[in-house]
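Structure first, then comments.
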Amino acid sequence: MISLGTSALINVLLIGASGNLGSQIEKFLNSLGFKVFRGVKTRNLLQDILVNEFQEILIPNGLRIDLVINASNRYFINASPQEIELMRNSIIGISESIAKTKLECPVVFFSTYLQYVKDAKESWSSYTDLKMKSTEIMRIFSKETFTPVLELVLYDNYGGHRKNKFFDLALDSVFSGKELLATPGESVLNLTYISDIVKSLGAILDVDAPLLQEEGLKTFSIYSKDTYTLKNLVNTIEEISGKTASIKWGALPYRAREVFEFLPTAPIFPDFVQTKSVVEYISAMSKL
């Protein structure tokens, strides 16, 4: 339950506010009346706080931060050495900065389900390697400082300002006729509306929230009831819209590792509620 009384969290340090997820979190926090301090590399606003990767975060004297949310992330497919370094800075660098900072408040961060796939003989990618190392940094930080840390494991999501994921590209292909090159289409996505992910944070935005009272790292996953193969997803878009996508299935090879079934990881976050389905989203887009 969200409370804005005297016990409510007031000051939130949000790192990664310019990203797809972070920007939605910032809007949500602002709508509830929380004071959001953006962790940034270059200060543009009075409330911005400088966050330099791998360095201690310098919280202004006299400012009490009640909660840190780390939504910083960067991802490249088949990343080059230069791109791996950029991912390392955004993922490991920010985690190291948090761990080096004397915080007296809980921390929330996000990871990927692929780093928790059981029985994997090798890592999925350089990206998942970095996310795993980030989680370990936060695990050690929480243990050594007795800080409550909440890890939310995410699957695939849609919505927000980022429009370069397969779901977005498939919608664009259906409605614009633009050709889309794709793999054979048997891999699967579990799709969660980004606003549903953000709204689930409402349950922890109070100092009395049980998850923020317990020392150590707690891990939960967020996923929806909507799991589709790429081909089934496109078929659903076509059926609802009455239009046909221009997709060349098999024009692209599968990645070195792909997901062909839903892979459950950590227990689902108890306060997550799915309010929008893929079908409802496609129906709304069809009416635009």
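The chains in the structure tokens are called A, B, ... from first to last as shown; in each chain the residues are counted from 1, and the ligands are counted from 1 in the order shown.
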(request) Excluding Ile194 of chain A and residues on its chain fewer than 6 positions from it, collect all residues at most 6 Å away from it, counting only C-alpha atoms, and give them as a list in words. (result) Asn157, Tyr158 and Gly159 of chain A
(request) Please identify all polymer residues within 10 Å of Trp249 of chain A, counting only C-alpha atoms, omitting same-chain residues fewer than 3 positions from it, and present them as a PyMOL selection string. (result) chain A and resi 180-186+230-231+246+252-253
Let's have the selection written as a PDB file, in the first residue's frame, with N, CA and C atoms.
ATOM      1  N   LEU A 180      10.030  -6.747 -42.517  1.00  0.00           N
ATOM      2  CA  LEU A 180      10.795  -7.074 -41.321  1.00  0.00           C
ATOM      3  C   LEU A 180      11.489  -8.407 -41.519  1.00  0.00           C
ATOM      4  N   LEU A 181      12.805  -8.408 -41.363  1.00  0.00           N
ATOM      5  CA  LEU A 181      13.580  -9.642 -41.443  1.00  0.00           C
ATOM      6  C   LEU A 181      13.571 -10.307 -40.074  1.00  0.00           C
ATOM      7  N   ALA A 182      13.340 -11.623 -40.033  1.00  0.00           N
ATOM      8  CA  ALA A 182      13.214 -12.304 -38.749  1.00  0.00           C
ATOM      9  C   ALA A 182      13.849 -13.685 -38.799  1.00  0.00           C
ATOM     10  N   THR A 183      14.027 -14.263 -37.634  1.00  0.00           N
ATOM     11  CA  THR A 183      14.500 -15.639 -37.506  1.00  0.00           C
ATOM     12  C   THR A 183      13.359 -16.581 -37.935  1.00  0.00           C
ATOM     13  N   PRO A 184      13.543 -17.896 -37.861  1.00  0.00           N
ATOM     14  CA  PRO A 184      12.426 -18.806 -38.193  1.00  0.00           C
ATOM     15  C   PRO A 184      11.200 -18.631 -37.304  1.00  0.00           C
ATOM     16  N   GLY A 185      11.341 -17.963 -36.151  1.00  0.00           N
ATOM     17  CA  GLY A 185      10.154 -17.556 -35.396  1.00  0.00           C
ATOM     18  C   GLY A 185       9.634 -18.512 -34.351  1.00  0.00           C
ATOM     19  N   GLU A 186      10.414 -19.522 -33.952  1.00  0.00           N
ATOM     20  CA  GLU A 186       9.937 -20.473 -32.955  1.00  0.00           C
ATOM     21  C   GLU A 186      10.396 -20.137 -31.540  1.00  0.00           C
ATOM     22  N   LEU A 230       7.410 -16.120 -31.616  1.00  0.00           N
ATOM     23  CA  LEU A 230       7.383 -14.933 -32.481  1.00  0.00           C
ATOM     24  C   LEU A 230       6.300 -15.068 -33.550  1.00  0.00           C
ATOM     25  N   LYS A 231       6.186 -16.255 -34.109  1.00  0.00           N
ATOM     26  CA  LYS A 231       5.180 -16.465 -35.163  1.00  0.00           C
ATOM     27  C   LYS A 231       3.766 -16.336 -34.611  1.00  0.00           C
ATOM     28  N   SER A 246       4.467  -7.927 -43.222  1.00  0.00           N
ATOM     29  CA  SER A 246       5.436  -8.243 -44.261  1.00  0.00           C
ATOM     30  C   SER A 246       6.714  -8.717 -43.577  1.00  0.00           C
ATOM     31  N   LEU A 252      16.914 -14.243 -40.981  1.00  0.00           N
ATOM     32  CA  LEU A 252      17.990 -14.070 -40.012  1.00  0.00           C
ATOM     33  C   LEU A 252      18.209 -15.384 -39.265  1.00  0.00           C
ATOM     34  N   PRO A 253      19.445 -15.665 -38.894  1.00  0.00           N
ATOM     35  CA  PRO A 253      19.704 -16.891 -38.122  1.00  0.00           C
ATOM     36  C   PRO A 253      19.337 -16.677 -36.655  1.00  0.00           C
TER      37      PRO A 253
END
(request) Write out as a PyMOL selection string all residues of segment 42-275 of chain A that backbone DSSP assigns to strand (DSSP E). (result) chain A and resi 49-50+67-70+107-112+148-154+156-158+180-182+188-193+216-222+227-229+247-249
Restricting the output to C-alpha atoms, write the selected residues as a PDB file, in the first residue's frame.
ATOM      1  CA  ILE A  49      22.940  14.070  -8.451  1.00  0.00           C
ATOM      2  CA  LEU A  50      26.210  13.225 -10.183  1.00  0.00           C
ATOM      3  CA  LEU A  67      15.298   4.816  -1.478  1.00  0.00           C
ATOM      4  CA  VAL A  68      17.660   4.126  -4.376  1.00  0.00           C
ATOM      5  CA  ILE A  69      16.244   2.657  -7.590  1.00  0.00           C
ATOM      6  CA  ASN A  70      18.828   1.541 -10.120  1.00  0.00           C
ATOM      7  CA  VAL A 107      18.102  -0.315  -2.854  1.00  0.00           C
ATOM      8  CA  VAL A 108      16.029  -1.710  -5.735  1.00  0.00           C
ATOM      9  CA  PHE A 109      17.597  -2.928  -8.973  1.00  0.00           C
ATOM     10  CA  PHE A 110      16.597  -4.971 -12.036  1.00  0.00           C
ATOM     11  CA  SER A 111      18.142  -8.048 -13.625  1.00  0.00           C
ATOM     12  CA  THR A 112      17.355 -10.417 -16.490  1.00  0.00           C
ATOM     13  CA  PRO A 148      17.787  -4.219   2.404  1.00  0.00           C
ATOM     14  CA  VAL A 149      18.201  -4.843  -1.336  1.00  0.00           C
ATOM     15  CA  LEU A 150      15.395  -5.913  -3.667  1.00  0.00           C
ATOM     16  CA  GLU A 151      16.231  -7.526  -7.010  1.00  0.00           C
ATOM     17  CA  LEU A 152      13.432  -7.715  -9.580  1.00  0.00           C
ATOM     18  CA  VAL A 153      14.100 -10.183 -12.382  1.00  0.00           C
ATOM     19  CA  LEU A 154      12.497  -9.041 -15.641  1.00  0.00           C
ATOM     20  CA  ASP A 156      10.470  -9.189 -21.973  1.00  0.00           C
ATOM     21  CA  ASN A 157       8.427  -6.005 -21.781  1.00  0.00           C
ATOM     22  CA  TYR A 158       6.663  -3.607 -24.116  1.00  0.00           C
ATOM     23  CA  LEU A 180      10.795  -7.074 -41.321  1.00  0.00           C
ATOM     24  CA  LEU A 181      13.580  -9.642 -41.443  1.00  0.00           C
ATOM     25  CA  ALA A 182      13.214 -12.304 -38.749  1.00  0.00           C
ATOM     26  CA  VAL A 188       9.415 -17.395 -27.283  1.00  0.00           C
ATOM     27  CA  LEU A 189       8.784 -14.120 -25.478  1.00  0.00           C
ATOM     28  CA  ASN A 190       7.018 -13.574 -22.186  1.00  0.00           C
ATOM     29  CA  LEU A 191       5.608 -10.073 -22.576  1.00  0.00           C
ATOM     30  CA  THR A 192       4.782  -7.747 -19.681  1.00  0.00           C
ATOM     31  CA  TYR A 193       3.376  -4.249 -20.092  1.00  0.00           C
ATOM     32  CA  GLY A 216      20.003  -8.740   2.802  1.00  0.00           C
ATOM     33  CA  LEU A 217      19.160  -9.408  -0.836  1.00  0.00           C
ATOM     34  CA  LYS A 218      15.656 -10.551  -1.787  1.00  0.00           C
ATOM     35  CA  THR A 219      15.003 -11.750  -5.351  1.00  0.00           C
ATOM     36  CA  PHE A 220      11.652 -11.917  -7.141  1.00  0.00           C
ATOM     37  CA  SER A 221      10.661 -12.149 -10.794  1.00  0.00           C
ATOM     38  CA  ILE A 222       8.041 -10.230 -12.755  1.00  0.00           C
ATOM     39  CA  THR A 227       3.954 -16.141 -23.598  1.00  0.00           C
ATOM     40  CA  TYR A 228       4.147 -16.329 -27.415  1.00  0.00           C
ATOM     41  CA  THR A 229       6.418 -17.690 -30.069  1.00  0.00           C
ATOM     42  CA  ILE A 247       7.848 -10.552 -42.479  1.00  0.00           C
ATOM     43  CA  LYS A 248      10.563 -12.726 -44.015  1.00  0.00           C
ATOM     44  CA  TRP A 249      10.757 -15.650 -41.614  1.00  0.00           C
TER      45      TRP A 249
END
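If only C-alpha atoms are the atoms counted, then among A:Ala71, A:Ser134, A:Ala99, A:Glu144 the closest residue to Gln24 of chain A is A:Ala71.
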(message) Among segment 53-217 of chain A, which residues does DSSP mark as helix (DSSP H, G or I) when it is run on the backbone? Keep the chain and numbering as in the structure and answer as a ChimeraX atom specification.
(response) /A:81-100,113-116,126-145,166-176,194-204,210-212
How would the residues just picked look written out with C-alpha atoms as a short mmCIF file (atom, residue, chain, number, x, y, z; two decimals), in the first residue's frame?
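Generated output (out34.cif):
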data_model
loop_
_atom_site.label_atom_id
_atom_site.label_comp_id
_atom_site.auth_asym_id
_atom_site.auth_seq_id
_atom_site.Cartn_x
_atom_site.Cartn_y
_atom_site.Cartn_z
CA PRO A 81 34.46 -5.25 -27.52
CA GLN A 82 33.64 -1.54 -27.50
CA GLU A 83 29.95 -2.24 -26.88
CA ILE A 84 30.79 -4.69 -24.10
CA GLU A 85 32.73 -1.92 -22.40
CA LEU A 86 29.73 0.42 -22.67
CA MET A 87 27.53 -2.27 -21.13
CA ARG A 88 30.09 -2.87 -18.40
CA ASN A 89 30.09 0.82 -17.47
CA SER A 90 26.29 1.00 -17.25
CA ILE A 91 25.81 -2.33 -15.44
CA ILE A 92 28.91 -3.02 -13.34
CA GLY A 93 29.99 0.61 -13.03
CA ILE A 94 26.72 1.77 -11.45
CA SER A 95 26.53 -1.23 -9.12
CA GLU A 96 30.08 -0.51 -7.96
CA SER A 97 29.14 3.14 -7.37
CA ILE A 98 26.18 2.14 -5.19
CA ALA A 99 28.33 -0.34 -3.26
CA LYS A 100 30.97 2.34 -2.58
CA TYR A 113 15.78 -13.86 -16.26
CA LEU A 114 18.46 -15.29 -18.54
CA GLN A 115 21.05 -15.03 -15.79
CA TYR A 116 18.94 -17.41 -13.70
CA SER A 126 28.36 -11.07 -22.40
CA TYR A 127 25.30 -9.11 -21.27
CA THR A 128 24.11 -11.83 -18.89
CA ASP A 129 27.68 -12.24 -17.59
CA LEU A 130 27.68 -8.58 -16.63
CA LYS A 131 24.21 -8.77 -15.07
CA MET A 132 25.29 -11.77 -12.98
CA LYS A 133 28.36 -9.88 -11.74
CA SER A 134 26.17 -6.88 -10.94
CA THR A 135 23.86 -9.04 -8.83
CA GLU A 136 26.83 -10.49 -6.97
CA ILE A 137 28.11 -6.97 -6.22
CA MET A 138 24.73 -6.08 -4.75
CA ARG A 139 24.60 -9.35 -2.80
CA ILE A 140 27.95 -8.64 -1.15
CA PHE A 141 26.98 -5.00 -0.54
CA SER A 142 23.74 -6.00 1.17
CA LYS A 143 25.52 -8.57 3.34
CA GLU A 144 28.40 -6.33 4.41
CA THR A 145 26.27 -3.24 5.09
CA PHE A 166 10.48 -7.44 -31.92
CA PHE A 167 6.92 -6.78 -30.71
CA ASP A 168 7.19 -3.11 -31.71
CA LEU A 169 8.77 -3.95 -35.06
CA ALA A 170 6.09 -6.56 -35.78
CA LEU A 171 3.35 -4.03 -35.01
CA ASP A 172 5.03 -1.54 -37.31
CA SER A 173 5.28 -4.15 -40.07
CA VAL A 174 1.56 -4.91 -39.80
CA PHE A 175 0.37 -1.31 -39.71
CA SER A 176 2.88 0.26 -42.12
CA ILE A 194 5.98 -1.82 -18.77
CA SER A 195 3.43 0.18 -16.76
CA ASP A 196 2.47 -2.99 -14.87
CA ILE A 197 6.12 -3.47 -13.92
CA VAL A 198 6.36 0.11 -12.70
CA LYS A 199 3.10 0.05 -10.77
CA SER A 200 4.24 -3.02 -8.85
CA LEU A 201 6.83 -0.76 -7.20
CA GLY A 202 3.98 0.97 -5.39
CA ALA A 203 3.98 -1.80 -2.83
CA ILE A 204 7.46 -0.89 -1.58
CA PRO A 210 7.98 -5.61 4.80
CA LEU A 211 10.41 -6.14 1.93
CA LEU A 212 12.25 -2.97 2.90
#
